[in-house]
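For reference, protein.cif is printed below; it contains mmCIF, C-alpha atoms.
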data_structure
loop_
_atom_site.group_PDB
_atom_site.id
_atom_site.type_symbol
_atom_site.label_atom_id
_atom_site.label_comp_id
_atom_site.auth_asym_id
_atom_site.auth_seq_id
_atom_site.Cartn_x
_atom_site.Cartn_y
_atom_site.Cartn_z
ATOM 1 C CA MET V 1 114.491 120.458 104.674
ATOM 2 C CA ASN V 2 111.787 122.414 106.427
ATOM 3 C CA SER V 3 111.059 125.597 104.473
ATOM 4 C CA SER V 4 109.862 127.382 107.604
ATOM 5 C CA SER V 5 113.396 127.134 109.055
ATOM 6 C CA THR V 6 115.001 128.879 106.065
ATOM 7 C CA PRO V 7 115.385 132.666 106.520
ATOM 8 C CA GLY V 8 113.655 134.777 103.904
ATOM 9 C CA VAL V 9 111.662 131.948 102.340
ATOM 10 C CA THR V 10 108.235 133.013 101.149
ATOM 11 C CA GLU V 11 105.097 130.906 101.062
ATOM 12 C CA PRO V 12 105.116 128.143 98.421
ATOM 13 C CA LEU V 13 103.394 128.802 95.108
ATOM 14 C CA LEU V 14 101.835 125.319 95.186
ATOM 15 C CA THR V 15 101.594 122.411 97.613
ATOM 16 C CA PHE V 16 100.388 118.850 97.127
ATOM 17 C CA GLN V 17 100.821 115.378 98.599
ATOM 18 C CA ILE V 18 101.901 112.027 97.165
ATOM 19 C CA ILE V 19 100.795 108.610 98.360
ATOM 20 C CA THR V 20 101.079 105.183 96.785
ATOM 21 C CA ASP V 21 100.506 101.462 97.266
ATOM 22 C CA THR V 22 97.545 101.640 99.618
ATOM 23 C CA HIS V 23 96.545 98.024 98.766
ATOM 24 C CA VAL V 24 93.074 98.416 100.246
ATOM 25 C CA THR V 25 91.393 95.074 100.990
ATOM 26 C CA ALA V 26 87.734 94.122 101.492
ATOM 27 C CA ASP V 27 88.285 93.967 105.281
ATOM 28 C CA PRO V 28 87.682 97.331 107.028
ATOM 29 C CA GLU V 29 89.847 96.201 109.956
ATOM 30 C CA HIS V 30 92.835 95.211 107.838
ATOM 31 C CA GLU V 31 96.111 96.991 108.616
ATOM 32 C CA TYR V 32 96.340 98.352 105.063
ATOM 33 C CA ASN V 33 92.876 99.896 105.263
ATOM 34 C CA GLN V 34 93.642 101.396 108.655
ATOM 35 C CA ASN V 35 96.884 102.852 107.323
ATOM 36 C CA PHE V 36 95.063 104.430 104.376
ATOM 37 C CA GLY V 37 92.608 106.133 106.720
ATOM 38 C CA ARG V 38 95.432 107.316 108.965
ATOM 39 C CA ALA V 39 97.332 108.797 106.006
ATOM 40 C CA LEU V 40 94.242 110.693 104.887
ATOM 41 C CA GLU V 41 93.741 112.002 108.436
ATOM 42 C CA ASP V 42 97.324 113.266 108.476
ATOM 43 C CA ILE V 43 96.902 114.999 105.128
ATOM 44 C CA ALA V 44 93.529 116.478 106.075
ATOM 45 C CA GLY V 45 95.061 117.999 109.186
ATOM 46 C CA HIS V 46 98.108 119.571 107.541
ATOM 47 C CA THR V 47 97.149 120.569 104.018
ATOM 48 C CA GLN V 48 95.224 123.811 104.104
ATOM 49 C CA GLY V 49 95.507 125.224 100.586
ATOM 50 C CA SER V 50 96.747 121.957 99.072
ATOM 51 C CA SER V 51 96.180 121.570 95.324
ATOM 52 C CA GLY V 52 95.686 117.815 95.441
ATOM 53 C CA ILE V 53 96.739 114.325 96.450
ATOM 54 C CA MET V 54 98.541 112.290 93.785
ATOM 55 C CA HIS V 55 98.137 108.513 94.185
ATOM 56 C CA ILE V 56 100.760 106.461 92.313
ATOM 57 C CA GLY V 57 98.878 103.192 92.011
ATOM 58 C CA ASP V 58 98.029 99.875 93.659
ATOM 59 C CA ILE V 59 94.968 101.545 95.090
ATOM 60 C CA THR V 60 93.508 98.105 95.817
ATOM 61 C CA ASN V 61 95.134 94.808 96.697
ATOM 62 C CA ASN V 62 93.496 92.761 93.923
ATOM 63 C CA GLY V 63 91.242 95.059 91.886
ATOM 64 C CA PHE V 64 88.085 93.434 93.313
ATOM 65 C CA PRO V 65 84.758 95.344 93.399
ATOM 66 C CA GLU V 66 84.464 94.961 97.166
ATOM 67 C CA GLU V 67 87.919 96.510 97.567
ATOM 68 C CA TYR V 68 86.916 99.566 95.551
ATOM 69 C CA GLU V 69 83.822 99.817 97.761
ATOM 70 C CA GLU V 70 86.093 99.900 100.792
ATOM 71 C CA VAL V 71 88.257 102.578 99.136
ATOM 72 C CA GLN V 72 85.148 104.709 98.664
ATOM 73 C CA ARG V 73 84.056 104.127 102.267
ATOM 74 C CA ILE V 74 87.419 105.312 103.612
ATOM 75 C CA LEU V 75 87.490 108.312 101.273
ATOM 76 C CA GLU V 76 83.996 109.371 102.315
ATOM 77 C CA LEU V 77 85.082 109.476 105.962
ATOM 78 C CA HIS V 78 87.660 112.166 105.162
ATOM 79 C CA GLN V 79 86.587 113.682 101.833
ATOM 80 C CA ALA V 80 85.191 116.920 103.256
ATOM 81 C CA SER V 81 88.664 117.863 104.526
ATOM 82 C CA LEU V 82 90.702 116.616 101.573
ATOM 83 C CA PRO V 83 91.848 118.216 98.315
ATOM 84 C CA GLN V 84 91.069 116.452 95.038
ATOM 85 C CA LEU V 85 92.707 113.070 94.442
ATOM 86 C CA HIS V 86 94.241 112.016 91.122
ATOM 87 C CA TYR V 87 95.131 108.380 90.510
ATOM 88 C CA THR V 88 97.759 106.321 88.711
ATOM 89 C CA LEU V 89 97.153 102.762 87.545
ATOM 90 C CA GLY V 90 99.047 100.057 89.470
ATOM 91 C CA ASN V 91 99.690 96.404 88.640
ATOM 92 C CA HIS V 92 97.574 95.213 91.593
ATOM 93 C CA ASP V 93 94.631 97.185 90.201
ATOM 94 C CA VAL V 94 94.619 95.477 86.785
ATOM 95 C CA GLY V 95 97.144 92.618 86.795
ATOM 96 C CA LEU V 96 94.764 89.943 88.070
ATOM 97 C CA GLY V 97 91.878 88.853 85.853
ATOM 98 C CA HIS V 98 90.467 90.179 82.581
ATOM 99 C CA TRP V 99 92.320 93.345 81.488
ATOM 100 C CA GLU V 100 89.404 95.256 79.963
ATOM 101 C CA SER V 101 87.134 94.488 82.922
ATOM 102 C CA ARG V 102 89.735 95.534 85.486
ATOM 103 C CA LEU V 103 90.553 98.728 83.602
ATOM 104 C CA ALA V 104 86.848 99.596 83.315
ATOM 105 C CA MET V 105 86.425 99.068 87.046
ATOM 106 C CA TYR V 106 89.391 101.347 87.801
ATOM 107 C CA THR V 107 88.220 104.140 85.505
ATOM 108 C CA SER V 108 84.597 104.021 86.666
ATOM 109 C CA ARG V 109 85.280 103.669 90.398
ATOM 110 C CA MET V 110 88.141 106.198 90.596
ATOM 111 C CA GLY V 111 86.834 108.651 87.978
ATOM 112 C CA MET V 112 89.949 108.557 85.811
ATOM 113 C CA PRO V 113 89.694 108.866 81.989
ATOM 114 C CA GLY V 114 91.979 105.925 81.168
ATOM 115 C CA PRO V 115 95.443 104.453 81.756
ATOM 116 C CA TYR V 116 97.115 107.845 81.180
ATOM 117 C CA HIS V 117 95.997 111.444 81.585
ATOM 118 C CA ASP V 118 97.286 114.925 82.416
ATOM 119 C CA HIS V 119 96.130 118.016 84.299
ATOM 120 C CA TRP V 120 97.259 121.621 84.659
ATOM 121 C CA ILE V 121 97.070 122.531 88.356
ATOM 122 C CA GLY V 122 98.017 125.997 89.564
ATOM 123 C CA GLY V 123 100.008 126.616 86.396
ATOM 124 C CA TYR V 124 102.024 123.392 86.703
ATOM 125 C CA HIS V 125 101.740 120.272 84.576
ATOM 126 C CA PHE V 126 100.848 116.953 86.237
ATOM 127 C CA ILE V 127 101.139 113.873 84.006
ATOM 128 C CA PHE V 128 100.050 110.321 84.896
ATOM 129 C CA LEU V 129 101.250 107.259 82.984
ATOM 130 C CA GLY V 130 99.847 103.729 83.198
ATOM 131 C CA THR V 131 100.102 100.237 81.800
ATOM 132 C CA GLU V 132 98.055 99.266 78.765
ATOM 133 C CA GLU V 133 98.324 95.550 79.467
ATOM 134 C CA GLY V 134 97.258 93.583 82.537
ATOM 135 C CA LEU V 135 100.752 92.373 83.457
ATOM 136 C CA PRO V 136 101.432 90.804 86.887
ATOM 137 C CA THR V 137 104.181 93.241 87.936
ATOM 138 C CA PHE V 138 105.492 95.238 84.952
ATOM 139 C CA CYS V 139 103.814 98.037 83.017
ATOM 140 C CA SER V 140 103.619 98.281 79.236
ATOM 141 C CA LEU V 141 103.449 101.721 77.627
ATOM 142 C CA SER V 142 102.248 101.848 74.018
ATOM 143 C CA ALA V 143 104.048 103.847 71.339
ATOM 144 C CA GLU V 144 101.028 106.155 71.321
ATOM 145 C CA GLN V 145 101.331 106.801 75.052
ATOM 146 C CA LEU V 146 105.067 107.476 74.800
ATOM 147 C CA GLN V 147 104.555 109.901 71.899
ATOM 148 C CA TRP V 148 101.801 111.592 73.903
ATOM 149 C CA LEU V 149 104.170 111.892 76.882
ATOM 150 C CA ASP V 150 106.953 113.423 74.799
ATOM 151 C CA ARG V 151 104.496 115.989 73.472
ATOM 152 C CA LYS V 152 102.972 116.730 76.872
ATOM 153 C CA LEU V 153 106.357 117.216 78.529
ATOM 154 C CA GLY V 154 107.019 120.010 76.029
ATOM 155 C CA GLU V 155 103.785 121.908 76.577
ATOM 156 C CA HIS V 156 103.383 125.349 78.093
ATOM 157 C CA ALA V 157 100.515 126.209 80.385
ATOM 158 C CA PRO V 158 97.433 127.005 78.290
ATOM 159 C CA ASP V 159 96.526 130.673 77.986
ATOM 160 C CA LYS V 160 92.866 131.120 77.079
ATOM 161 C CA ALA V 161 93.499 134.688 75.981
ATOM 162 C CA LYS V 162 95.696 133.545 73.102
ATOM 163 C CA SER V 163 94.499 132.643 69.634
ATOM 164 C CA ASN V 164 94.427 129.005 68.567
ATOM 165 C CA GLY V 165 97.349 129.641 66.247
ATOM 166 C CA GLN V 166 99.478 131.151 69.008
ATOM 167 C CA LEU V 167 98.553 128.312 71.360
ATOM 168 C CA GLN V 168 99.706 125.754 68.805
ATOM 169 C CA LYS V 169 102.958 127.655 68.327
ATOM 170 C CA ASP V 170 103.506 127.645 72.097
ATOM 171 C CA LEU V 171 102.850 123.900 72.322
ATOM 172 C CA GLU V 172 105.500 123.258 69.695
ATOM 173 C CA GLN V 173 108.148 125.038 71.759
ATOM 174 C CA THR V 174 110.358 123.237 74.257
ATOM 175 C CA HIS V 175 109.238 123.547 77.870
ATOM 176 C CA LEU V 176 111.448 126.018 79.721
ATOM 177 C CA PRO V 177 113.850 124.300 82.171
ATOM 178 C CA ASP V 178 112.926 126.688 84.998
ATOM 179 C CA GLN V 179 109.436 125.143 85.321
ATOM 180 C CA PRO V 180 109.118 121.702 86.935
ATOM 181 C CA VAL V 181 106.806 119.088 85.443
ATOM 182 C CA PHE V 182 105.418 116.415 87.788
ATOM 183 C CA LEU V 183 105.246 112.915 86.300
ATOM 184 C CA PHE V 184 103.742 109.842 87.992
ATOM 185 C CA LEU V 185 104.187 106.172 87.068
ATOM 186 C CA HIS V 186 103.668 103.179 89.319
ATOM 187 C CA GLN V 187 106.781 101.208 88.312
ATOM 188 C CA PRO V 188 110.315 102.686 88.431
ATOM 189 C CA LEU V 189 112.976 102.485 85.762
ATOM 190 C CA LYS V 190 115.642 99.845 86.370
ATOM 191 C CA ASP V 191 118.641 100.738 88.551
ATOM 192 C CA THR V 192 117.384 104.166 89.552
ATOM 193 C CA VAL V 193 115.555 104.652 92.872
ATOM 194 C CA ALA V 194 115.399 102.415 95.954
ATOM 195 C CA GLY V 195 114.209 98.893 95.224
ATOM 196 C CA SER V 196 114.720 99.141 91.460
ATOM 197 C CA LEU V 197 117.983 97.230 91.127
ATOM 198 C CA GLU V 198 117.749 94.385 88.643
ATOM 199 C CA SER V 199 118.619 91.890 91.391
ATOM 200 C CA GLN V 200 115.734 93.177 93.529
ATOM 201 C CA GLU V 201 113.238 92.560 90.697
ATOM 202 C CA TRP V 202 110.991 95.555 91.522
ATOM 203 C CA TYR V 203 111.818 97.706 88.514
ATOM 204 C CA GLY V 204 109.163 97.274 85.873
ATOM 205 C CA VAL V 205 108.840 99.354 82.683
ATOM 206 C CA THR V 206 108.765 97.137 79.592
ATOM 207 C CA GLN V 207 109.762 100.137 77.447
ATOM 208 C CA ASP V 208 112.546 101.138 79.866
ATOM 209 C CA GLN V 209 114.935 102.500 77.235
ATOM 210 C CA GLU V 210 112.237 104.316 75.275
ATOM 211 C CA LEU V 211 111.078 106.135 78.411
ATOM 212 C CA ARG V 212 114.659 107.035 79.348
ATOM 213 C CA THR V 213 115.183 108.581 75.912
ATOM 214 C CA ILE V 214 112.128 110.797 76.338
ATOM 215 C CA LEU V 215 113.103 111.874 79.861
ATOM 216 C CA SER V 216 116.592 112.832 78.647
ATOM 217 C CA ARG V 217 114.921 115.476 76.478
ATOM 218 C CA HIS V 218 112.984 116.897 79.434
ATOM 219 C CA PRO V 219 115.321 117.104 82.456
ATOM 220 C CA GLN V 220 112.992 119.562 84.208
ATOM 221 C CA THR V 221 110.750 116.565 84.998
ATOM 222 C CA LEU V 222 110.294 115.160 88.494
ATOM 223 C CA LEU V 223 109.284 111.490 88.209
ATOM 224 C CA PHE V 224 107.620 109.889 91.240
ATOM 225 C CA THR V 225 107.162 106.100 91.339
ATOM 226 C CA GLY V 226 105.868 103.508 93.791
ATOM 227 C CA HIS V 227 105.740 99.699 93.480
ATOM 228 C CA THR V 228 108.880 98.849 95.499
ATOM 229 C CA HIS V 229 107.524 99.863 98.958
ATOM 230 C CA TRP V 230 111.109 100.747 99.939
ATOM 231 C CA GLU V 231 111.216 102.888 103.080
ATOM 232 C CA LEU V 232 112.203 106.527 102.579
ATOM 233 C CA GLU V 233 115.106 106.398 105.055
ATOM 234 C CA VAL V 234 117.412 104.578 102.607
ATOM 235 C CA SER V 235 120.140 106.433 100.720
ATOM 236 C CA ASN V 236 118.853 106.049 97.148
ATOM 237 C CA THR V 237 115.297 107.308 97.631
ATOM 238 C CA MET V 238 116.185 110.066 95.145
ATOM 239 C CA PHE V 239 117.892 109.466 91.797
ATOM 240 C CA PRO V 240 119.385 112.827 90.701
ATOM 241 C CA GLY V 241 118.869 113.863 87.101
ATOM 242 C CA ASN V 242 121.785 116.325 87.155
ATOM 243 C CA GLY V 243 120.331 118.167 84.176
ATOM 244 C CA GLN V 244 120.699 115.060 81.995
ATOM 245 C CA THR V 245 117.381 113.342 82.735
ATOM 246 C CA ALA V 246 114.426 113.496 85.109
ATOM 247 C CA THR V 247 115.069 113.588 88.838
ATOM 248 C CA MET V 248 113.340 110.495 90.224
ATOM 249 C CA PHE V 249 111.862 109.690 93.628
ATOM 250 C CA ASN V 250 110.643 106.470 95.196
ATOM 251 C CA ALA V 251 107.446 107.256 97.116
ATOM 252 C CA ALA V 252 107.476 104.273 99.568
ATOM 253 C CA SER V 253 104.014 102.896 100.513
ATOM 254 C CA VAL V 254 101.025 103.643 102.699
ATOM 255 C CA ALA V 255 100.183 99.956 103.310
ATOM 256 C CA TYR V 256 103.570 98.539 104.414
ATOM 257 C CA LEU V 257 107.286 99.131 103.834
ATOM 258 C CA TRP V 258 110.324 97.196 102.604
ATOM 259 C CA THR V 259 113.952 97.511 103.700
ATOM 260 C CA ASP V 260 117.438 97.223 102.198
ATOM 261 C CA ALA V 261 117.722 93.939 104.099
ATOM 262 C CA ASP V 262 114.965 92.666 101.780
ATOM 263 C CA GLU V 263 112.502 92.414 104.649
ATOM 264 C CA HIS V 264 108.898 93.459 105.268
ATOM 265 C CA LYS V 265 108.449 96.328 107.724
ATOM 266 C CA SER V 266 105.247 97.702 109.203
ATOM 267 C CA GLY V 267 104.851 101.377 108.445
ATOM 268 C CA SER V 268 103.185 103.986 106.259
ATOM 269 C CA GLN V 269 104.935 106.813 104.397
ATOM 270 C CA GLY V 270 104.472 109.408 101.670
ATOM 271 C CA TYR V 271 105.453 112.917 100.544
ATOM 272 C CA TYR V 272 104.439 116.505 101.077
ATOM 273 C CA ILE V 273 105.577 118.701 98.166
ATOM 274 C CA GLU V 274 106.211 122.458 98.241
ATOM 275 C CA VAL V 275 106.793 124.315 94.971
ATOM 276 C CA TYR V 276 108.623 127.663 94.923
ATOM 277 C CA ALA V 277 109.713 129.892 92.057
ATOM 278 C CA ASP V 278 113.256 128.482 92.103
ATOM 279 C CA LYS V 279 112.965 125.065 93.738
ATOM 280 C CA VAL V 280 110.813 122.132 94.772
ATOM 281 C CA LEU V 281 110.956 120.727 98.298
ATOM 282 C CA VAL V 282 110.153 117.022 98.645
ATOM 283 C CA ARG V 283 109.432 116.170 102.275
ATOM 284 C CA GLY V 284 109.102 112.596 103.501
ATOM 285 C CA ARG V 285 106.278 112.005 105.967
ATOM 286 C CA ASP V 286 105.694 109.135 108.417
ATOM 287 C CA PHE V 287 101.922 108.709 108.570
ATOM 288 C CA THR V 288 102.104 106.239 111.474
ATOM 289 C CA THR V 289 103.803 108.691 113.848
ATOM 290 C CA GLY V 290 102.673 111.906 112.175
ATOM 291 C CA THR V 291 106.261 113.165 111.907
ATOM 292 C CA TRP V 292 108.695 114.280 109.206
ATOM 293 C CA ILE V 293 111.329 111.800 108.065
ATOM 294 C CA GLU V 294 114.559 113.752 108.511
ATOM 295 C CA ALA V 295 116.516 111.456 106.177
ATOM 296 C CA ALA V 296 114.017 112.117 103.371
ATOM 297 C CA GLN V 297 114.023 115.897 102.930
ATOM 298 C CA TYR V 298 115.101 116.939 99.424
ATOM 299 C CA GLU V 299 115.516 120.147 97.456
ATOM 300 C CA VAL V 300 115.577 120.293 93.662
ATOM 301 C CA ALA V 301 116.563 123.702 92.319
ATOM 302 C CA TYR V 302 115.412 125.274 89.047
ATOM 303 C CA PRO V 303 116.609 125.830 86.370
ATOM 304 C CA VAL V 304 117.667 122.183 86.358
ATOM 305 C CA ASN V 305 121.324 122.954 85.700
ATOM 306 C CA ALA V 306 121.356 124.534 89.164
ATOM 307 C CA LEU V 307 120.669 121.209 90.925
ATOM 308 C CA ARG V 308 122.077 121.331 94.437
#
Starting from the file, give its structure as structure tokens.
Amino acid sequence: MNSSSTPGVTEPLLTFQIITDTHVTADPEHEYNQNFGRALEDIAGHTQGSSGIMHIGDITNNGFPEEYEEVQRILELHQASLPQLHYTLGNHDVGLGHWESRLAMYTSRMGMPGPYHDHWIGGYHFIFLGTEEGLPTFCSLSAEQLQWLDRKLGEHAPDKAKSNGQLQKDLEQTHLPDQPVFLFLHQPLKDTVAGSLESQEWYGVTQDQELRTILSRHPQTLLFTGHTHWELEVSNTMFPGNGQTATMFNAASVAYLWTDADEHKSGSQGYYIEVYADKVLVRGRDFTTGTWIEAAQYEVAYPVNALR
């Protein structure tokens, strides 16, 4: 849905972009590297006032130092025109080689504080989860990370004018359902979004049930995942929460796509997000053609019991 075509719609309160699975290699001429640069060009040309780009993992193809150097080279070509990037940890970034070394390379090269972190941006909460083991495809979330997530999903925006005691009282309250929270994790929950069916083998949260339990307490959450590469044109790109759990979205891939026929497909896709007082628009974007994906235009209304 294009907000500009809706009568009476005001300007969004917040906009940002989502990309994932860039799989940058050490070869500047590689298709994946070229696609990453093209996606950044598209975003740079259409994101005046954007609050950030959220990357959902598999930044590199193997987590090699020379691949991170190529990531930095591509970013530097476009950085002057881009909003700030925030990163999620993917299995390709840390699943090959020594876990501590790969994690240290990710945090130092991409400027992230660790496997999981959160940020308040424009009054909205952005939360990033990540594996704490170097597994080949799955992610493993510690009990500490899950407890942290449950607490963070219930937070209100910090108000510096309040006393410490009042701030603590606010943090102990349940997050109001009329305020979306944006959550990012590389791997999807099983049998939710495109590519996550058990038979397809691209789901991947070791603590699947524990995470589901937490999300059921915070249905205002929008969970964006990558990993599957499934193209956005398929029917189950969005998994509706219906007020019972988080609404979930597969974010496709910048490097290459995958189809319901279980086949590789050249292409590069991502999301442009528009946040309004009563809804969030999720707009699929084809970075190869520089066009909107009409089959991937979604609206999630708030409060969450008003999902339509």
If the PyMOL selection byres ((chain V and resi 149) around 10) were run on this exact file, what residues would it hold? Put them as JSON, numbers by chain. {"V": [116, 117, 118, 127, 128, 129, 143, 144, 145, 146, 147, 148, 150, 151, 152, 153, 154, 183, 211, 214, 215]}
How would the residues just chosen look if you wrote them out with C-alpha atoms as a short mmCIF file (atom, residue, chain, number, x, y, z; two decimals), in the frame of the given file?
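Listing of selection.cif after writing:
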data_model
loop_
_atom_site.label_atom_id
_atom_site.label_comp_id
_atom_site.auth_asym_id
_atom_site.auth_seq_id
_atom_site.Cartn_x
_atom_site.Cartn_y
_atom_site.Cartn_z
CA TYR V 116 97.12 107.84 81.18
CA HIS V 117 96.00 111.44 81.58
CA ASP V 118 97.29 114.92 82.42
CA ILE V 127 101.14 113.87 84.01
CA PHE V 128 100.05 110.32 84.90
CA LEU V 129 101.25 107.26 82.98
CA ALA V 143 104.05 103.85 71.34
CA GLU V 144 101.03 106.16 71.32
CA GLN V 145 101.33 106.80 75.05
CA LEU V 146 105.07 107.48 74.80
CA GLN V 147 104.56 109.90 71.90
CA TRP V 148 101.80 111.59 73.90
CA ASP V 150 106.95 113.42 74.80
CA ARG V 151 104.50 115.99 73.47
CA LYS V 152 102.97 116.73 76.87
CA LEU V 153 106.36 117.22 78.53
CA GLY V 154 107.02 120.01 76.03
CA LEU V 183 105.25 112.92 86.30
CA LEU V 211 111.08 106.14 78.41
CA ILE V 214 112.13 110.80 76.34
CA LEU V 215 113.10 111.87 79.86
#
Residue neighbourhood Asp191 of chain V, 12 Å, only C-alpha atoms, exclusion window fewer than 4 positions, as a list in words: Gln187, Gly195, Ser196, Leu197, Glu198, Ser199, Gln200, Glu201, Trp202, Tyr203, Gly204, Val205, Asp208, Arg212, Asn236, Thr237, Met238, Phe239, Met248 and Asn250 of chain V
Near His264 of chain V, counting only C-alpha atoms, which residues have an atom at most 10 Å away, once you skip same-chain residues fewer than 5 positions from it, shown as an NGL selection string? :V and (229-231 or 256-259)
Counting only C-alpha atoms, the residue of V:Glu155, V:Glu41, V:Asp93, V:Asp260 that sits nearest Thr228 of chain V: V:Asp260
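Shortest separation to Leu96 of chain V among V:Asn62, V:Gln207, V:Gln79, V:Ser266 occurs at residue V:Asn62, atoms counted being all atoms listed in the file.
Here atom CA of Glu299 of chain V and atom CA of His46 of chain V stand 20.1 Å from one another.
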Surrounding residues of segment 47-58 of chain V excluding itself and chain neighbours under 4 positions, 9 Å, only C-alpha atoms, as JSON, numbers by chain: {"V": [14, 15, 16, 17, 18, 19, 20, 21, 22, 23, 24, 42, 43, 62, 63, 81, 82, 83, 84, 85, 86, 87, 88, 89, 90, 91, 92, 93, 94, 121, 122, 128, 130, 184, 185, 186, 187, 224, 225, 226, 227, 251, 272]}
Protein and nucleic acid residues near (113.3, 107.2, 104.8) (cut-off 7 Å, all atoms listed in the file) as number ranges by chain: V: 231-234, 284, 293, 295-296
Name the residues captured by the PyMOL selection byres ((chain V and resi 68-78) around 8) when it is applied to the shown file; answer as a JSON list (two decimals) with C-alpha atoms, in the coordinates of the input.
[["chain", "number", "residue", "atom", "x", "y", "z"],
["V", 24, "VAL", "CA", 93.07, 98.42, 100.25],
["V", 25, "THR", "CA", 91.39, 95.07, 100.99],
["V", 26, "ALA", "CA", 87.73, 94.12, 101.49],
["V", 27, "ASP", "CA", 88.28, 93.97, 105.28],
["V", 28, "PRO", "CA", 87.68, 97.33, 107.03],
["V", 33, "ASN", "CA", 92.88, 99.90, 105.26],
["V", 36, "PHE", "CA", 95.06, 104.43, 104.38],
["V", 37, "GLY", "CA", 92.61, 106.13, 106.72],
["V", 40, "LEU", "CA", 94.24, 110.69, 104.89],
["V", 41, "GLU", "CA", 93.74, 112.00, 108.44],
["V", 44, "ALA", "CA", 93.53, 116.48, 106.08],
["V", 59, "ILE", "CA", 94.97, 101.54, 95.09],
["V", 60, "THR", "CA", 93.51, 98.10, 95.82],
["V", 63, "GLY", "CA", 91.24, 95.06, 91.89],
["V", 64, "PHE", "CA", 88.08, 93.43, 93.31],
["V", 65, "PRO", "CA", 84.76, 95.34, 93.40],
["V", 66, "GLU", "CA", 84.46, 94.96, 97.17],
["V", 67, "GLU", "CA", 87.92, 96.51, 97.57],
["V", 79, "GLN", "CA", 86.59, 113.68, 101.83],
["V", 80, "ALA", "CA", 85.19, 116.92, 103.26],
["V", 81, "SER", "CA", 88.66, 117.86, 104.53],
["V", 82, "LEU", "CA", 90.70, 116.62, 101.57],
["V", 109, "ARG", "CA", 85.28, 103.67, 90.40]]
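Taking atom CA of Gly243 of chain V as the reference point, atom CA of Pro188 of chain V is found at 18.9 Å.
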Once 4 Å is added on each side, what are the centre and the three edge lengths, in Å to one decimal, of the axis-aligned box enclosing the listed atoms of segment 15-26 of chain V? Present them as lines of an AutoDock Vina configuration file.
center_x = 94.8
center_y = 108.3
center_z = 99.1
size_x = 22.2
size_y = 36.3
size_z = 12.7
Ranking V:Gln297, V:Thr291, V:Ser268, V:Thr137 by minimum distance to Arg38 of chain V and counting only C-alpha atoms, which one comes first? V:Ser268
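Residues matched by the PyMOL selection byres ((chain V and resi 181) around 10) in this file are V:Trp120, V:Tyr124, V:His125, V:Phe126, V:Ile127, V:Lys152, V:Leu153, V:Gly154, V:Glu155, V:His175, V:Pro177, V:Asp178, V:Gln179, V:Pro180, V:Phe182, V:Leu183, V:His218, V:Pro219, V:Gln220, V:Thr221, V:Leu222, V:Leu223, V:Ala246.
The space separating atom CA of Asp286 of chain V from atom CA of Gly267 of chain V comes to 7.8 Å.
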